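Text of the file upload_29.txt, holding compact mmCIF, C-alpha atoms and all ligand atoms:
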# COMPACT_ATOMS: atom_id res chain seq x y z
CA MET A 1 -6.50 58.34 44.21
CA THR A 2 -5.66 55.23 42.27
CA THR A 3 -2.56 53.62 43.68
CA GLU A 4 -1.41 52.24 40.31
CA ALA A 5 -2.25 53.06 36.72
CA VAL A 6 -2.47 49.35 35.92
CA TRP A 7 -3.57 47.15 38.79
CA ARG A 8 -1.73 43.86 39.07
CA GLY A 9 -2.54 42.92 42.67
CA GLY A 10 -0.25 43.43 45.62
CA SER A 11 -0.11 44.15 49.33
CA LEU A 12 -2.23 46.60 51.30
CA GLY A 13 -0.37 47.10 54.56
CA ASP A 14 1.12 43.94 56.01
CA HIS A 15 -2.09 42.00 56.80
CA ALA A 16 -3.70 41.86 53.35
CA HIS A 17 -2.37 40.88 49.93
CA ALA A 18 -4.28 40.59 46.65
CA VAL A 19 -3.41 37.90 44.12
CA LEU A 20 -5.01 39.07 40.86
CA ALA A 21 -6.81 36.36 38.86
CA PRO A 22 -6.40 36.38 35.05
CA ASN A 23 -10.10 36.99 34.29
CA PRO A 24 -10.31 40.61 33.11
CA GLY A 25 -13.58 41.80 31.57
CA PRO A 26 -16.15 44.59 31.52
CA MET A 27 -17.65 43.39 34.82
CA THR A 28 -14.50 42.07 36.51
CA LEU A 29 -12.26 45.04 35.54
CA ASP A 30 -8.63 43.81 35.81
CA GLY A 31 -9.83 40.46 37.16
CA THR A 32 -10.87 39.11 40.56
CA ASN A 33 -8.70 40.02 43.54
CA THR A 34 -8.20 37.00 45.77
CA TRP A 35 -7.31 38.48 49.16
CA VAL A 36 -4.92 36.64 51.46
CA LEU A 37 -5.30 37.80 55.07
CA HIS A 38 -2.28 36.97 57.22
CA VAL A 39 -0.37 38.60 60.04
CA PRO A 40 3.43 38.28 59.66
CA GLY A 41 4.74 35.50 61.90
CA ASP A 42 1.38 33.70 62.18
CA ASP A 43 0.84 30.16 60.93
CA CYS A 44 -2.74 30.83 59.84
CA ALA A 45 -3.89 32.51 56.67
CA VAL A 46 -7.42 33.25 55.47
CA VAL A 47 -8.22 33.40 51.76
CA VAL A 48 -11.14 35.53 50.55
CA ASP A 49 -12.75 34.63 47.20
CA PRO A 50 -10.50 32.03 45.48
CA GLY A 51 -12.05 33.32 42.24
CA PRO A 52 -12.38 31.79 38.77
CA LEU A 53 -11.35 28.24 37.96
CA HIS A 54 -7.78 28.82 36.85
CA GLU A 55 -5.12 26.42 38.12
CA GLY A 56 -2.27 28.91 37.78
CA HIS A 57 -4.16 31.46 39.86
CA LEU A 58 -4.94 28.98 42.65
CA GLN A 59 -1.30 27.86 42.69
CA ALA A 60 -0.16 31.49 42.89
CA VAL A 61 -2.40 32.04 45.92
CA LEU A 62 -1.03 28.91 47.61
CA ARG A 63 2.54 29.91 46.75
CA TYR A 64 2.06 33.30 48.39
CA VAL A 65 0.71 31.65 51.57
CA GLU A 66 3.53 29.09 51.68
CA GLU A 67 6.22 31.69 51.04
CA HIS A 68 4.96 33.46 54.15
CA GLY A 69 5.31 30.33 56.26
CA ALA A 70 1.56 29.91 56.66
CA ARG A 71 -1.25 27.58 55.66
CA VAL A 72 -4.84 28.33 54.71
CA VAL A 73 -7.14 27.57 57.65
CA LEU A 74 -10.31 29.26 56.39
CA THR A 75 -11.77 30.39 53.07
CA LEU A 76 -14.28 33.24 53.13
CA ILE A 77 -16.62 34.21 50.29
CA THR A 78 -17.92 37.77 49.85
CA HIS A 79 -20.91 36.66 47.71
CA TRP A 80 -22.00 33.84 45.43
CA HIS A 81 -21.11 35.29 41.99
CA HIS A 82 -19.12 32.88 39.84
CA ASP A 83 -16.06 35.08 39.37
CA HIS A 84 -15.58 34.69 43.14
CA THR A 85 -16.59 31.04 43.63
CA GLU A 86 -16.10 29.09 40.39
CA SER A 87 -12.84 27.50 41.62
CA LEU A 88 -14.21 26.26 44.95
CA GLU A 89 -14.43 22.59 44.00
CA ARG A 90 -10.80 22.52 42.80
CA TRP A 91 -9.72 24.76 45.71
CA GLY A 92 -11.23 22.20 48.09
CA GLN A 93 -8.90 19.56 46.60
CA LEU A 94 -5.88 21.77 47.20
CA VAL A 95 -6.74 23.16 50.64
CA ASP A 96 -8.09 21.37 53.69
CA ALA A 97 -10.02 24.23 55.27
CA PRO A 98 -13.66 25.14 55.77
CA VAL A 99 -15.39 27.53 53.38
CA ARG A 100 -17.90 30.08 54.65
CA GLY A 101 -20.10 32.62 52.86
CA GLY A 102 -21.86 32.85 49.50
CA GLY A 103 -24.08 29.92 50.45
CA TYR A 104 -21.15 27.67 51.39
CA GLY A 105 -20.55 26.25 54.87
CA ARG A 106 -21.71 27.87 58.09
CA THR A 107 -23.51 31.14 57.35
CA LEU A 108 -21.57 34.30 58.16
CA VAL A 109 -23.39 36.40 60.74
CA ASP A 110 -23.39 40.20 60.90
CA GLU A 111 -20.92 41.51 63.50
CA GLU A 112 -19.42 38.04 63.92
CA ARG A 113 -15.78 38.13 65.02
CA ILE A 114 -13.35 35.61 63.58
CA ASP A 115 -10.08 35.45 65.54
CA LEU A 116 -7.25 33.25 64.24
CA GLU A 117 -3.97 33.76 66.08
CA SER A 118 -3.21 37.50 65.72
CA LEU A 119 -5.64 37.96 62.83
CA ARG A 120 -8.95 39.55 63.79
CA ILE A 121 -11.78 39.76 61.27
CA ARG A 122 -15.13 41.46 61.79
CA VAL A 123 -17.95 40.33 59.51
CA LEU A 124 -20.28 43.04 58.19
CA ALA A 125 -23.46 42.05 56.36
CA THR A 126 -23.56 44.47 53.40
CA PRO A 127 -26.46 43.36 51.15
CA GLY A 128 -27.25 45.26 47.97
CA HIS A 129 -24.94 44.10 45.16
CA THR A 130 -26.40 40.70 46.02
CA ALA A 131 -28.56 39.71 48.98
CA ASP A 132 -25.72 37.64 50.46
CA SER A 133 -22.90 40.21 50.11
CA VAL A 134 -20.65 40.60 53.13
CA SER A 135 -17.59 42.73 53.84
CA PHE A 136 -14.71 42.01 56.17
CA HIS A 137 -13.18 44.60 58.47
CA LEU A 138 -9.65 44.08 59.79
CA PRO A 139 -9.67 46.42 62.81
CA ASP A 140 -5.96 45.97 63.57
CA ALA A 141 -4.90 46.75 60.00
CA ASP A 142 -7.61 49.38 59.26
CA VAL A 143 -8.57 47.56 56.08
CA LEU A 144 -12.06 46.96 54.63
CA VAL A 145 -12.45 44.00 52.28
CA THR A 146 -15.58 44.97 50.36
CA GLY A 147 -16.10 42.28 47.69
CA ASP A 148 -18.18 43.81 44.89
CA THR A 149 -20.06 46.18 47.22
CA VAL A 150 -17.40 48.85 46.58
CA LEU A 151 -14.92 48.39 43.72
CA GLY A 152 -11.53 49.96 43.11
CA ARG A 153 -12.67 51.63 39.91
CA GLY A 154 -16.00 52.62 38.37
CA THR A 155 -19.26 51.60 40.00
CA THR A 156 -20.82 48.30 40.93
CA VAL A 157 -24.07 46.71 39.82
CA VAL A 158 -27.07 46.33 42.08
CA ALA A 159 -28.25 43.14 40.41
CA HIS A 160 -32.03 43.19 40.67
CA PRO A 161 -33.83 41.16 41.96
CA ASP A 162 -31.09 39.45 44.03
CA GLY A 163 -29.61 42.86 44.71
CA ALA A 164 -31.68 45.77 45.93
CA LEU A 165 -31.02 49.49 46.13
CA GLY A 166 -32.51 50.23 49.57
CA PRO A 167 -30.25 47.73 51.33
CA TYR A 168 -27.33 48.81 49.11
CA LEU A 169 -27.59 52.46 50.19
CA ALA A 170 -27.85 51.33 53.83
CA SER A 171 -24.75 49.15 53.36
CA LEU A 172 -22.79 52.09 51.93
CA ASP A 173 -23.79 54.18 54.96
CA ARG A 174 -22.64 51.44 57.28
CA LEU A 175 -19.31 50.95 55.49
CA HIS A 176 -18.79 54.70 55.43
CA ALA A 177 -19.25 54.86 59.21
CA VAL A 178 -16.69 52.07 59.72
CA ALA A 179 -14.23 53.59 57.25
CA THR A 180 -14.34 57.06 58.80
CA GLU A 181 -14.12 56.03 62.46
CA ARG A 182 -10.39 55.65 61.77
CA PRO A 183 -8.49 56.12 58.50
CA THR A 184 -9.25 52.88 56.66
CA ALA A 185 -7.99 51.45 53.39
CA LEU A 186 -10.16 49.82 50.72
CA ALA A 187 -9.50 46.23 49.58
CA PRO A 188 -12.00 45.67 46.73
CA ALA A 189 -12.68 42.45 44.81
CA HIS A 190 -11.96 44.19 41.51
CA GLY A 191 -9.67 47.08 40.68
CA PRO A 192 -6.98 48.83 42.68
CA THR A 193 -6.77 49.48 46.41
CA HIS A 194 -7.25 52.94 47.92
CA THR A 195 -5.86 54.43 51.10
CA ASP A 196 -9.05 56.41 51.85
CA ALA A 197 -12.00 54.00 51.78
CA GLY A 198 -14.30 56.65 53.28
CA ALA A 199 -13.82 58.97 50.29
CA ILE A 200 -14.52 56.18 47.77
CA ILE A 201 -17.64 55.06 49.63
CA ALA A 202 -18.93 58.63 49.84
CA ALA A 203 -18.41 58.99 46.07
CA TYR A 204 -20.30 55.73 45.49
CA ARG A 205 -23.24 57.02 47.51
CA GLN A 206 -23.21 60.34 45.63
CA HIS A 207 -23.12 58.53 42.27
CA ARG A 208 -26.09 56.33 43.23
CA LEU A 209 -28.19 59.31 44.27
CA GLU A 210 -27.29 61.14 41.03
CA ARG A 211 -28.30 58.11 38.95
CA LEU A 212 -31.58 57.94 40.89
CA ASP A 213 -32.25 61.57 40.00
CA GLN A 214 -31.48 60.78 36.35
CA VAL A 215 -33.89 57.85 36.41
CA ARG A 216 -36.60 60.02 37.99
CA ALA A 217 -35.99 62.60 35.23
CA ALA A 218 -36.11 59.92 32.50
CA LEU A 219 -39.44 58.65 33.83
CA ALA A 220 -40.80 62.19 33.96
CA ALA A 221 -39.61 62.71 30.36
CA GLY A 222 -41.91 59.91 29.19
CA ASP A 223 -39.98 56.66 29.69
CA VAL A 224 -42.57 55.65 32.28
CA ASP A 225 -44.95 54.94 29.34
CA ALA A 226 -42.42 52.95 27.24
CA PRO A 227 -43.24 49.27 26.53
CA ASP A 228 -39.95 48.29 28.22
CA VAL A 229 -39.45 51.00 30.83
CA ALA A 230 -36.05 49.75 32.03
CA GLN A 231 -34.66 49.54 28.48
CA ALA A 232 -35.90 53.04 27.63
CA VAL A 233 -34.27 54.42 30.77
CA VAL A 234 -30.97 52.63 30.02
CA GLU A 235 -30.88 54.08 26.51
CA ARG A 236 -31.39 57.57 27.89
CA VAL A 237 -29.42 57.56 31.15
CA TYR A 238 -26.58 55.20 30.17
CA ALA A 239 -26.08 56.55 26.66
CA ASP A 240 -22.48 57.42 27.61
CA VAL A 241 -21.68 53.88 28.83
CA PRO A 242 -20.25 51.18 26.48
CA ARG A 243 -23.01 48.92 25.16
CA ASN A 244 -21.37 45.76 26.46
CA VAL A 245 -22.29 46.87 29.97
CA TRP A 246 -25.89 47.82 29.08
CA PRO A 247 -27.27 44.47 30.32
CA ALA A 248 -25.65 45.19 33.70
CA ALA A 249 -26.92 48.77 33.55
CA LYS A 250 -30.41 47.41 32.89
CA ALA A 251 -30.18 45.27 36.03
CA SER A 252 -29.21 48.41 37.95
CA VAL A 253 -32.07 50.38 36.42
CA GLU A 254 -34.50 47.60 37.36
CA ALA A 255 -33.19 47.87 40.93
CA GLN A 256 -33.75 51.64 40.81
CA LEU A 257 -37.27 51.24 39.41
CA ALA A 258 -38.04 48.76 42.21
CA TYR A 259 -36.65 51.24 44.74
CA LEU A 260 -38.81 54.02 43.26
CA ALA A 261 -41.74 51.55 43.22
CA VAL A 262 -42.37 52.13 39.48
ZN ZN B 301 -20.38 40.13 42.11
Let's see the structure in the file written out as structure tokens.
Ligand SMILES: [Zn+2]
Amino acid sequence: MTTEAVWRGGSLGDHAHAVLAPNPGPMTLDGTNTWVLHVPGDDCAVVVDPGPLHEGHLQAVLRYVEEHGARVVLTLITHWHHDHTESLERWGQLVDAPVRGGGYGRTLVDEERIDLESLRIRVLATPGHTADSVSFHLPDADVLVTGDTVLGRGTTVVAHPDGALGPYLASLDRLHAVATERPTALAPAHGPTHTDAGAIIAAYRQHRLERLDQVRAALAAGDVDAPDVAQAVVERVYADVPRNVWPAAKASVEAQLAYLAV
């Protein structure tokens, strides 16, 4: 279902375009996707997650907007993590537009509608990866911008204690309902786009429930009595995962233990 073997950014329909930031890593996959939301012919563009502090990346985002005859009138943030927000101070010097989300500017409200010329954005509060995570639905383009709540490849981290599994599962249910009302494409903050967001979200939910079962089994197998329960569970359940992502896996396990009230 991956649209490209190697993701380098690009357009998803004609209302959304990802400029890929040069910050690849185990947690950021190919790097952070900075999404430019713009309807052809409009003067206004919205930028989601300017990303890491990298001058060339910010200039590439601005170049894309200018080449399309638009200017940035609003910057939206999917959540506070640094790979999405680190450049905001520099971005504010380059762009004269308000910033909202991730603790910046006026708080984004669930089901808020943001209309700018022909561009219509629906805000969905989707806590779980972090408490402040939001997604953006473009109803006219049938696109879901999901931040780190749903990624283009692999799974995301529910970063306990800021993130929490109960809200995360509820957010996946909500996104799944939106994505299956009409065929909807996925615009994640990391990794490639997908034409069928509903299928990806359903797979995410399935994966979470399977991991929960594995954690329950690990606890039953004796990890519940380990001096560091979360670490013992990681070593058993995530044995197949590269060790450089074990710290992230441990955060996820802690979220699962909190969910199971261990
Ligand atoms: Zn994140």
Atomic separation - CA of Leu165 in chain A relative to CA of Ala220 in chain A, Å | 20.1 Å
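Closest to ligand ZN 301 (chain B) among A:Asp49, A:Asp43, A:Asp148, A:Asp30 is A:Asp148, based on all atoms listed in the file.
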Could I get the residues of chain A with an atom no further than 8 Å from an atom of ligand ZN 301 (chain B), each paired with its nearest atom pair and that distance in Å to one decimal, using all atoms listed in the file, sorted by chain and residue number, as a tab-separated table?
residue	atom	partner	partner_atom	distance
A:His79	CA	B:ZN301	ZN	6.6
A:Trp80	CA	B:ZN301	ZN	7.3
A:His81	CA	B:ZN301	ZN	4.9
A:His82	CA	B:ZN301	ZN	7.7
A:Asp83	CA	B:ZN301	ZN	7.2
A:His84	CA	B:ZN301	ZN	7.3
A:His129	CA	B:ZN301	ZN	6.8
A:Thr130	CA	B:ZN301	ZN	7.2
A:Gly147	CA	B:ZN301	ZN	7.4
A:Asp148	CA	B:ZN301	ZN	5.1
A:Thr149	CA	B:ZN301	ZN	7.9
A:Val157	CA	B:ZN301	ZN	7.9
Dig up all the protein and nucleic acid residues within 10 Å of (-2.8, 33.0, 58.8) in the file frame, using all atoms listed in the file, and format them as a ChimeraX atom specification.
-> /A:15,36-47,65,68-74,116-119
Which polymer residues, protein or nucleic acid, are no farther than 12 Å from (-13.4, 59.5, 47.4), counting only C-alpha atoms, as a PyMOL selection string?
-> chain A and resi 1-2+150-154+176+179-180+185-186+194-207
Taking all atoms listed in the file into account, which of A:Ser135, A:Leu124, A:Pro161, A:Arg182 comes nearest Glu112 in chain A?
->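 Going through A:Ser135, A:Leu124, A:Pro161, A:Arg182 one by one, the smallest distance to Glu112 in chain A is for A:Leu124.
Compared by their closest atoms to Ala248 in chain A, and using only C-alpha atoms, the residues A:Pro52, A:Pro188, A:Pro26, A:Pro98 rank with A:Pro26 nearest.
In this comparison, which uses all atoms listed in the file, the residue of A:Asp96, A:Ala189, A:Leu175, A:Val145 approaching Gly51 in chain A most closely is A:Ala189.
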Which residues are close to Asp162 in chain A, i.e. within 10 Å by all atoms listed in the file, leaving aside same-chain residues fewer than 6 positions away? Reply as a compact mmCIF listing (two decimals) with C-alpha atoms, keeping the file's coordinate frame.
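Wrote it out as around.txt, contents follow:
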# COMPACT_ATOMS: atom_id res chain seq x y z
CA PRO A 127 -26.46 43.36 51.15
CA GLY A 128 -27.25 45.26 47.97
CA HIS A 129 -24.94 44.10 45.16
CA THR A 130 -26.40 40.70 46.02
CA ALA A 131 -28.56 39.71 48.98
CA ASP A 132 -25.72 37.64 50.46
CA ALA A 251 -30.18 45.27 36.03
CA ALA A 255 -33.19 47.87 40.93
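What separates CA of Val237 in chain A from CA of Arg211 in chain A is a distance of 7.9 Å.
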Around all of range 236-249 of chain A's listed atoms, make the axis-aligned box with 8 Å on each side and tell me centre and edge lengths in Å to one decimal, as JSON.
{"center_x": -25.8, "center_y": 51.0, "center_z": 29.4, "size_x": 27.1, "size_y": 29.1, "size_z": 24.5}
